[in-house]
Amino acid sequence: MDYVSWVKRNFPKMHNFDEEKLLIKIEEVKSDNELFREAVKTLGALLIVLPLNVYLYAADLVSFSSPLYWFIVGTSVLVGGLISLHFEQKSIKWQLAKCYRTHQTTKPPTA
């Protein structure tokens with residue numbers, strides 16, 4: 001996602017921001033969110049994928065050698081990755097918005 005254009009579009013009054021500082025801030029936020037994204041993936045696997053696969057196997061609906069089983073596993077991993085990406089993007093946008101709202105509300109010192 002292009003966060004620089006997102007900031008320009010959502011904060012049009014910010015004419016004097018430095019793109020390099022913005023890119024550095026984005027990288028900081030992404031590295032901070034990496035653990036969060038992995039936690040979402042892990043919880044999704046433990047709470048959704050694993051119980052679904054155990055149910056399918058226990059109910060004898062599909063077997064491990066069935067292409068349908070591997071399609072379901074692949075689809076569930078893909079959906080989990082997309083959900084974790086969505087939460088990561090929302091978190092990055094929230095943190096950038098918080099940073100720029102703070103920056104907008106602070107007034108420059110008067111001389």
# chains A, B, ... in the order shown; residues from 1 in each chain; ligands from 1
>>> select_by_dssp(residues="chain A", states="alpha helix (DSSP H)", output="ChimeraX atom specification")
/A:3-10,19-44,50-58,67-105
>>> residues_around(residues="region 36-38 of chain A", least_positions_apart="2", cutoff="9 Å", atoms="only C-alpha atoms", output="list in words")
Asp32, Asn33, Glu34, Val40, Lys41, Thr42, Leu43, Gly81, Ser84, Leu85, Phe87 and Glu88 of chain A
>>> closest_residue(among="A:Leu61, A:Leu78, A:Ile83, A:Leu22", to="Ala39 (chain A)", atoms="only C-alpha atoms")
A:Ile83
>>> closest_residue(among="A:Leu23, A:Ser65, A:Val77, A:Lys30", to="Ile48 (chain A)", atoms="only C-alpha atoms")
A:Val77
>>> closest_residue(among="A:Thr102, A:Asn10, A:Asn53, A:Ser31", to="Trp70 (chain A)", atoms="only C-alpha atoms")
A:Asn53
>>> closest_residue(among="A:Arg101, A:Tyr69, A:His86, A:Glu19", to="Tyr57 (chain A)", atoms="only C-alpha atoms")
A:Tyr69
>>> closest_residue(among="A:Val4, A:Val62, A:Lys90, A:Leu68", to="Lys25 (chain A)", atoms="only C-alpha atoms")
A:Val4
